[in-house]
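Containing compact mmCIF, C-alpha atoms: input-v5.txt.
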```txt
# COMPACT_ATOMS: atom_id res chain seq x y z
CA MET Q 1 215.87 179.47 -37.91
CA SER Q 2 219.50 179.67 -36.95
CA SER Q 3 221.05 182.96 -35.97
CA LEU Q 4 223.29 182.77 -39.05
CA ALA Q 5 220.29 182.55 -41.41
CA LEU Q 6 218.62 185.49 -39.64
CA PHE Q 7 221.82 187.53 -39.86
CA LEU Q 8 222.47 186.73 -43.53
CA THR Q 9 218.89 187.39 -44.68
CA VAL Q 10 218.68 190.76 -42.95
CA PHE Q 11 222.25 191.69 -43.95
CA ILE Q 12 221.73 190.97 -47.68
CA ALA Q 13 218.30 192.61 -47.82
CA CYS Q 14 219.59 195.70 -46.04
CA ALA Q 15 222.76 195.88 -48.14
CA VAL Q 16 220.65 195.97 -51.32
CA GLU Q 17 218.56 198.84 -49.95
CA ALA Q 18 221.65 200.65 -48.69
CA VAL Q 19 223.24 200.48 -52.17
CA GLU Q 20 220.13 202.16 -53.61
CA ALA Q 21 220.16 204.86 -50.93
CA LEU Q 22 223.87 205.45 -51.50
CA THR Q 23 223.29 206.14 -55.21
CA ILE Q 24 220.83 208.92 -54.35
CA VAL Q 25 223.02 210.40 -51.58
CA LEU Q 26 226.06 210.44 -53.90
CA ALA Q 27 224.05 212.09 -56.68
CA ALA Q 28 222.86 214.79 -54.29
CA GLY Q 29 226.21 215.29 -52.56
CA LEU Q 30 228.53 215.29 -55.56
CA THR Q 31 226.24 217.35 -57.80
CA ARG Q 32 224.78 219.83 -55.31
CA GLU Q 33 226.52 220.20 -51.94
CA TRP Q 34 227.40 217.85 -49.12
CA ARG Q 35 226.20 219.81 -46.09
CA SER Q 36 222.53 219.87 -47.12
CA THR Q 37 222.81 216.27 -48.31
CA PHE Q 38 224.10 215.16 -44.91
CA GLN Q 39 221.38 217.19 -43.18
CA GLY Q 40 218.75 215.36 -45.28
CA MET Q 41 220.37 212.02 -44.51
CA ALA Q 42 220.56 212.78 -40.78
CA ALA Q 43 216.89 213.87 -40.70
CA ALA Q 44 215.83 210.64 -42.44
CA LEU Q 45 217.95 208.53 -40.06
CA ALA Q 46 216.34 210.33 -37.11
CA VAL Q 47 212.84 209.47 -38.43
CA LEU Q 48 213.92 205.86 -38.93
CA ALA Q 49 215.41 205.71 -35.42
CA VAL Q 50 212.13 206.99 -33.92
CA THR Q 51 210.21 204.38 -35.96
CA VAL Q 52 212.45 201.60 -34.63
CA ALA Q 53 212.28 202.96 -31.06
CA VAL Q 54 208.47 202.99 -31.17
CA LEU Q 55 207.76 199.83 -33.18
CA GLY Q 56 210.54 197.62 -31.84
CA PRO Q 57 209.36 197.43 -28.21
CA ALA Q 58 205.69 197.48 -29.32
CA LEU Q 59 206.22 194.33 -31.42
CA THR Q 60 207.58 192.44 -28.41
CA LEU Q 61 204.25 193.01 -26.63
CA VAL Q 62 202.20 191.32 -29.38
CA PRO Q 63 201.52 187.59 -28.74
CA LEU Q 64 203.82 185.47 -30.94
CA THR Q 65 201.00 183.65 -32.80
CA ALA Q 66 199.26 186.89 -33.80
CA LEU Q 67 202.61 188.45 -34.67
CA ARG Q 68 203.53 185.51 -36.92
CA LEU Q 69 200.16 185.65 -38.69
CA VAL Q 70 200.30 189.38 -39.44
CA VAL Q 71 204.03 189.62 -40.09
CA GLY Q 72 204.01 186.39 -42.10
CA ALA Q 73 201.22 187.73 -44.31
CA LEU Q 74 203.04 191.05 -44.77
CA LEU Q 75 206.34 189.33 -45.56
CA ALA Q 76 204.70 186.95 -48.03
CA VAL Q 77 203.06 189.88 -49.85
CA PHE Q 78 206.23 191.96 -49.68
CA GLY Q 79 208.35 189.00 -50.84
CA LEU Q 80 205.98 188.32 -53.75
CA GLN Q 81 206.54 191.91 -54.88
CA TRP Q 82 210.33 191.48 -54.81
CA LEU Q 83 210.18 188.10 -56.48
CA ARG Q 84 207.81 189.27 -59.21
CA LYS Q 85 210.07 192.19 -60.04
CA ALA Q 86 213.21 190.04 -59.90
CA ILE Q 87 211.70 187.41 -62.25
CA LEU Q 88 210.47 190.08 -64.69
CA ARG Q 89 213.99 191.52 -64.74
CA ALA Q 90 215.77 188.18 -65.02
CA SER Q 91 213.54 187.10 -67.90
CA GLY Q 92 214.06 190.36 -69.78
CA TYR Q 93 210.51 191.73 -69.51
CA GLN Q 94 211.71 194.61 -67.34
CA GLY Q 95 214.99 196.50 -67.51
CA LEU Q 96 217.65 195.40 -65.02
CA HIS Q 97 218.19 197.65 -62.03
CA ASP Q 98 221.16 199.72 -63.12
CA GLU Q 99 222.73 201.95 -60.43
CA GLU Q 100 224.83 203.84 -62.99
CA ALA Q 101 221.77 204.73 -65.09
CA ILE Q 102 219.82 205.76 -61.97
CA TYR Q 103 222.79 207.82 -60.81
CA ALA Q 104 223.03 209.54 -64.21
CA ARG Q 105 219.31 210.39 -64.12
CA GLN Q 106 219.53 211.77 -60.58
CA VAL Q 107 222.62 213.83 -61.45
CA ALA Q 108 220.94 215.29 -64.55
CA ALA Q 109 217.87 216.27 -62.51
CA ALA Q 110 220.02 217.68 -59.69
CA ARG Q 111 222.06 219.82 -62.11
CA THR Q 112 218.98 221.52 -63.56
CA ALA Q 113 217.13 222.09 -60.27
CA THR Q 114 217.24 225.61 -58.84
CA SER Q 115 219.20 226.26 -55.68
CA GLU Q 116 217.07 227.57 -52.85
CA GLY Q 117 217.68 227.79 -49.11
CA ARG Q 118 214.86 227.01 -46.68
CA ARG Q 119 214.44 226.42 -42.94
CA GLY Q 120 218.15 226.71 -42.19
CA VAL Q 121 219.10 224.37 -45.04
CA ARG Q 122 221.37 225.91 -47.70
CA ASP Q 123 220.22 223.70 -50.60
CA TRP Q 124 216.65 222.48 -50.16
CA TYR Q 125 216.80 220.27 -53.30
CA ALA Q 126 219.84 218.33 -52.03
CA PHE Q 127 218.21 218.02 -48.61
CA THR Q 128 214.90 216.63 -49.87
CA LEU Q 129 216.54 214.34 -52.44
CA SER Q 130 218.78 212.83 -49.77
CA PHE Q 131 215.99 212.73 -47.15
CA LYS Q 132 213.50 210.95 -49.40
CA GLY Q 133 216.07 208.49 -50.74
CA VAL Q 134 217.36 207.46 -47.32
CA LEU Q 135 213.88 207.39 -45.74
CA LEU Q 136 212.26 205.27 -48.45
CA GLU Q 137 215.08 202.75 -48.72
CA GLY Q 138 215.59 202.84 -44.95
CA MET Q 139 211.93 202.06 -44.33
CA GLU Q 140 212.40 198.75 -46.14
CA VAL Q 141 215.49 198.05 -44.01
CA VAL Q 142 213.51 198.80 -40.84
CA PHE Q 143 210.57 196.67 -41.99
CA ILE Q 144 212.72 193.64 -42.77
CA ALA Q 145 214.89 193.92 -39.65
CA LEU Q 146 211.94 194.45 -37.30
CA THR Q 147 209.77 191.68 -38.73
CA PHE Q 148 212.55 189.08 -38.88
CA GLY Q 149 213.91 190.10 -35.49
CA ALA Q 150 210.51 190.09 -33.78
CA ASN Q 151 209.51 186.71 -35.20
CA GLN Q 152 212.79 185.14 -34.16
CA GLN Q 153 212.65 187.01 -30.85
CA ASN Q 154 216.13 188.29 -31.58
CA GLN Q 155 215.74 191.94 -32.53
CA GLY Q 156 219.27 192.69 -31.34
CA LEU Q 157 220.87 190.40 -33.93
CA ALA Q 158 218.59 191.70 -36.69
CA ALA Q 159 219.56 195.28 -35.77
CA VAL Q 160 223.26 194.36 -35.80
CA ALA Q 161 222.88 192.75 -39.26
CA ALA Q 162 221.05 195.81 -40.62
CA ALA Q 163 223.59 198.22 -39.13
CA ALA Q 164 226.51 196.13 -40.41
CA ALA Q 165 225.07 196.19 -43.94
CA VAL Q 166 224.61 199.97 -43.87
CA VAL Q 167 228.13 200.52 -42.46
CA VAL Q 168 229.77 198.21 -45.06
CA VAL Q 169 227.94 199.84 -47.98
CA ALA Q 170 228.63 203.37 -46.66
CA ALA Q 171 232.34 202.56 -46.15
CA VAL Q 172 232.68 201.16 -49.67
CA GLY Q 173 230.71 204.11 -51.05
CA ILE Q 174 233.02 206.61 -49.30
CA ALA Q 175 236.06 204.71 -50.60
CA VAL Q 176 235.01 204.55 -54.27
CA ARG Q 177 232.88 207.74 -54.38
CA ALA Q 178 230.69 206.22 -57.10
CA PRO Q 179 227.49 204.18 -57.26
CA LEU Q 180 228.13 200.54 -56.46
CA SER Q 181 227.13 199.24 -59.86
CA ARG Q 182 229.26 196.11 -59.52
CA VAL Q 183 227.12 194.78 -56.69
CA PRO Q 184 225.00 192.01 -58.29
CA GLU Q 185 221.86 193.78 -57.13
CA ASN Q 186 219.39 191.91 -59.33
CA THR Q 187 220.68 188.53 -58.17
CA LEU Q 188 220.62 189.65 -54.54
CA LYS Q 189 217.06 190.95 -54.94
CA PHE Q 190 216.06 187.57 -56.36
CA ALA Q 191 217.60 185.83 -53.34
CA VAL Q 192 215.99 188.24 -50.88
CA GLY Q 193 212.61 187.80 -52.63
CA VAL Q 194 212.94 184.04 -52.16
CA MET Q 195 213.82 184.45 -48.45
CA LEU Q 196 211.05 186.96 -47.70
CA THR Q 197 208.42 184.85 -49.47
CA SER Q 198 209.61 181.63 -47.82
CA PHE Q 199 209.69 183.02 -44.29
CA GLY Q 200 206.41 184.85 -44.91
CA MET Q 201 204.73 181.55 -45.86
CA PHE Q 202 206.33 179.72 -42.94
CA TRP Q 203 205.40 182.25 -40.25
CA GLY Q 204 202.02 183.16 -41.78
CA ALA Q 205 200.87 179.54 -41.87
CA GLU Q 206 202.21 178.96 -38.34
CA GLY Q 207 200.28 182.02 -37.16
CA ALA Q 208 197.13 180.55 -38.77
CA GLY Q 209 197.59 177.44 -36.62
CA VAL Q 210 199.52 175.09 -38.91
CA SER Q 211 202.19 172.68 -37.61
CA TRP Q 212 204.82 172.37 -40.32
CA PRO Q 213 206.11 168.83 -40.93
CA GLY Q 214 209.53 168.76 -39.27
CA ASN Q 215 208.86 172.10 -37.53
CA ASP Q 216 211.71 174.59 -38.28
CA ALA Q 217 213.39 172.01 -40.54
CA ALA Q 218 210.53 172.60 -43.01
CA LEU Q 219 212.36 175.77 -44.00
CA LEU Q 220 215.08 173.58 -45.50
CA ALA Q 221 212.47 172.49 -48.04
CA ILE Q 222 210.48 175.74 -48.33
CA VAL Q 223 213.43 178.02 -49.19
CA PRO Q 224 214.95 175.82 -51.95
CA GLY Q 225 211.46 174.94 -53.17
CA THR Q 226 210.55 178.62 -53.55
CA ALA Q 227 213.88 179.29 -55.28
CA LEU Q 228 213.28 176.42 -57.72
CA VAL Q 229 209.77 177.64 -58.53
CA ALA Q 230 211.07 181.18 -59.11
CA LEU Q 231 213.88 179.89 -61.34
CA GLY Q 232 211.36 177.73 -63.20
CA TYR Q 233 209.09 180.72 -63.84
CA THR Q 234 212.12 182.71 -65.04
CA ALA Q 235 213.15 179.96 -67.48
CA LEU Q 236 209.59 179.59 -68.78
CA MET Q 237 209.23 183.33 -69.30
CA ARG Q 238 212.62 183.61 -71.02
CA ARG Q 239 211.59 180.87 -73.43
CA ALA Q 240 208.17 182.44 -74.03
CA ARG Q 241 209.79 185.82 -74.68
CA ALA Q 242 212.36 184.36 -77.08
CA SER Q 243 209.65 182.53 -79.06
CA ALA Q 244 207.45 185.65 -79.16
CA ARG Q 245 210.35 187.78 -80.40
CA ALA Q 246 211.32 185.18 -83.00
CA ALA Q 247 207.73 185.01 -84.23
CA VAL Q 248 207.42 188.79 -84.75
CA PRO Q 249 210.07 189.15 -87.54
CA ALA Q 250 208.90 185.90 -89.12
CA ALA Q 251 205.34 187.25 -89.27
CA GLY Q 252 206.71 190.51 -90.67
CA ARG Q 253 208.64 188.65 -93.40
CA SER Q 254 205.65 186.56 -94.46
CA ALA Q 255 203.45 189.68 -94.58
CA ALA Q 256 206.03 191.41 -96.82
CA MET I 1 194.94 217.07 -43.78
CA THR I 2 192.86 214.86 -46.10
CA ARG I 3 195.52 215.21 -48.76
CA TRP I 4 198.24 214.25 -46.30
CA LEU I 5 196.26 211.20 -45.13
CA ARG I 6 195.66 210.17 -48.73
CA SER I 7 199.33 210.37 -49.65
CA PHE I 8 200.28 208.60 -46.40
CA GLY I 9 197.87 205.77 -47.26
CA ALA I 10 199.11 205.69 -50.87
CA PHE I 11 202.71 205.38 -49.64
CA TRP I 12 201.92 202.38 -47.41
CA TYR I 13 199.75 200.76 -50.08
CA ASP I 14 202.58 201.05 -52.59
CA PHE I 15 205.13 199.94 -49.99
CA VAL I 16 203.37 196.72 -48.97
CA ILE I 17 201.01 195.82 -51.83
CA GLY I 18 202.93 197.27 -54.79
CA ASP I 19 201.94 196.87 -58.42
CA ASP I 20 199.54 193.95 -58.10
CA TRP I 21 196.97 193.82 -55.30
CA ARG I 22 195.82 190.37 -56.37
CA GLY I 23 198.87 188.74 -54.79
CA ALA I 24 197.99 190.32 -51.43
CA ALA I 25 194.35 189.24 -51.81
CA VAL I 26 195.37 185.63 -52.57
CA VAL I 27 197.68 185.54 -49.51
CA ALA I 28 194.94 186.95 -47.25
CA VAL I 29 192.30 184.50 -48.52
CA ALA I 30 194.70 181.54 -48.31
CA LEU I 31 195.63 182.41 -44.70
CA ALA I 32 191.95 182.76 -43.74
CA LEU I 33 191.17 179.38 -45.37
CA THR I 34 194.14 177.79 -43.61
CA ALA I 35 192.93 179.08 -40.24
CA VAL I 36 189.41 177.77 -40.93
CA LEU I 37 190.72 174.34 -42.00
CA VAL I 38 193.01 174.08 -38.95
CA HIS I 39 190.61 175.32 -36.29
CA ALA I 40 187.19 174.29 -37.64
CA ALA I 41 187.99 171.09 -39.55
CA SER I 42 191.17 169.97 -37.72
CA VAL I 43 193.05 169.70 -41.03
CA ASN I 44 196.74 170.60 -40.78
CA ALA I 45 196.65 172.56 -44.05
CA TRP I 46 200.35 173.50 -44.22
CA TRP I 47 200.31 172.95 -47.98
CA LEU I 48 197.62 175.53 -48.77
CA LEU I 49 199.63 178.77 -48.46
CA PRO I 50 202.62 177.60 -50.57
CA ILE I 51 200.27 176.43 -53.33
CA ALA I 52 198.39 179.74 -53.20
CA VAL I 53 201.59 181.80 -53.25
CA ILE I 54 203.07 179.85 -56.18
CA GLY I 55 199.78 180.24 -58.05
CA ALA I 56 199.54 183.95 -57.24
CA LEU I 57 203.09 184.55 -58.45
CA GLY I 58 202.43 182.76 -61.75
CA TRP I 59 199.15 184.62 -62.22
CA SER I 60 200.76 187.97 -61.49
CA LEU I 61 203.65 187.28 -63.89
CA ARG I 62 201.24 186.20 -66.60
CA ARG I 63 199.22 189.39 -66.20
CA ALA I 64 202.38 191.52 -66.26
CA THR I 65 203.66 189.98 -69.49
CA SER I 66 200.52 189.22 -71.48
CA GLY I 67 200.75 190.87 -74.87
CA LYS I 68 204.39 191.92 -74.37
CA PRO I 69 207.01 190.49 -76.74
```

Can you turn what I pasted into structure tokens?
Amino acid sequence: MSSLALFLTVFIACAVEAVEALTIVLAAGLTREWRSTFQGMAAALAVLAVTVAVLGPALTLVPLTALRLVVGALLAVFGLQWLRKAILRASGYQGLHDEEAIYARQVAAARTATSEGRRGVRDWYAFTLSFKGVLLEGMEVVFIALTFGANQQNQGLAAVAAAAAVVVVAAVGIAVRAPLSRVPENTLKFAVGVMLTSFGMFWGAEGAGVSWPGNDAALLAIVPGTALVALGYTALMRRARASARAAVPAAGRSAA
Amino acid sequence: MTRWLRSFGAFWYDFVIGDDWRGAAVVAVALALTAVLVHAASVNAWWLLPIAVIGALGWSLRRATSGKP
């Protein structure tokens, strides 16, 4: 895989997660207070940094074949999750991910929560909301950056891509001071799901001992092939949903 | 401690496996079969995992939408 593909995959995946974390941080900061929110964010970033510091070097010690088998399996499973959700959203079976709606829900919850200081933190609610949001979304960033970087034996570039995504999203978030609802998150999640599933299959099968026809060039068929299958499932499900919805009123009319 | 371990395990299960464990099971079985075919039968079964993943995705989507308009 070229360095550009590694950079773009990690950058887009991490940007999507950073947008979600930003929504939670903004809800906590603007509704409650910024100091506790930043403390929560800093604590989460510290946990993530320790995770990277421990897992990053450890992954380089694992033999590449075993690493590809385990990481490929994990990525394929993880990618299937993303793809499944993205297809359900794109076909209308699940509501689209809406940052403004999520932001409104978080703000409403933050406004009604009681203010309580604990362990040197002025507003424990803002702290925990920010900590959990950044840690959970950040864990996905760490997972994607570490697995892609380790498999390509280029953790530095993966780390740069992840950091660049976080910096860009944070800078835009600071500039607009609102959730980034214009980011086409559902489309990006679809694309990331395709990439994670494709690379998961490629590395997983390689780890199991397979030689792909054309070696790395096989990815040029696997990625578009996975995208086409996912788009095909989406089209099929849209059609099935439209027919089912059309049949319901018709059945109602004939019963009446 | 037990409670902490349980919630720690639940977090990682939800993080990696998510809503449908069947997808993970299909991937694991397909990888095991691929390894057996490659190492025991000398078959370069590069096609097995993509077929399994495409099938697992369709199966999972069908289960998620069955009975929903």

| request: Pull out every residue of chain Q that has at least one atom within 9 Å of chain I, counting all atoms listed in the file, and report them as an MDAnalysis selection string. | output: chainID Q and resid 69 73:78 80:81 83:85 87:88 93 140 197:198 201:202 204:213 222 226 229:230 233 237 240:245 248

- Query: What does the distance from CA of Leu45 in chain Q to CA of Val134 in chain Q come to in Å, to one decimal?
  - Reply: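 Between these atoms lies a distance of 7.4 Å.
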
*Just the residues within 7 Å of range 1-15 of chain Q, please, counting only C-alpha atoms, with nothing from its chain fewer than 6 positions along; format it as a list in words.*
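Counting only the stated atoms, we get Val141, Ile144, Ala145, Leu157, Ala158, Ala161, Ala162, Ala165, Val166, Val169, Val192, Met195 and Asp216 of chain Q.
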
Nearest to Ala218 in chain Q, chosen from Q:Leu231, Q:Leu146, Q:Trp203, Q:Val19, with only C-alpha atoms counted in the distances: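 Selected residue with least distance to Ala218 in chain Q: Q:Trp203.
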
Atom pair CA of Ala246 in chain Q + CA of Gly92 in chain Q, distance 14.5 Å

As a check of understanding: the span from CA of Arg238 in chain Q to CA of Ala86 in chain Q is 12.9 Å

inquiry  = I want to know what sits within 12 Å of Ala42 in chain Q, based on all atoms listed in the file, with residues of the same chain fewer than 2 positions away left out; could you give that as a list in words?
reply    =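 That gives Val25, Trp34, Arg35, Ser36, Thr37, Phe38, Gln39, Gly40, Ala44, Leu45, Ala46, Val47, Leu48, Ala49, Phe127, Thr128, Ser130, Phe131, Lys132, Gly133, Val134, Leu135 and Gly138 of chain Q.
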
Let me have the centre and edge lengths of the axis-aligned box enclosing all listed atoms of range 203-218 of chain Q with 8 Å padding on every side, in Å to one decimal, as AutoDock Vina command-line options.
```
--center_x 205.3 --center_y 176.0 --center_z -39.8 --size_x 32.3 --size_y 30.4 --size_z 22.4
```
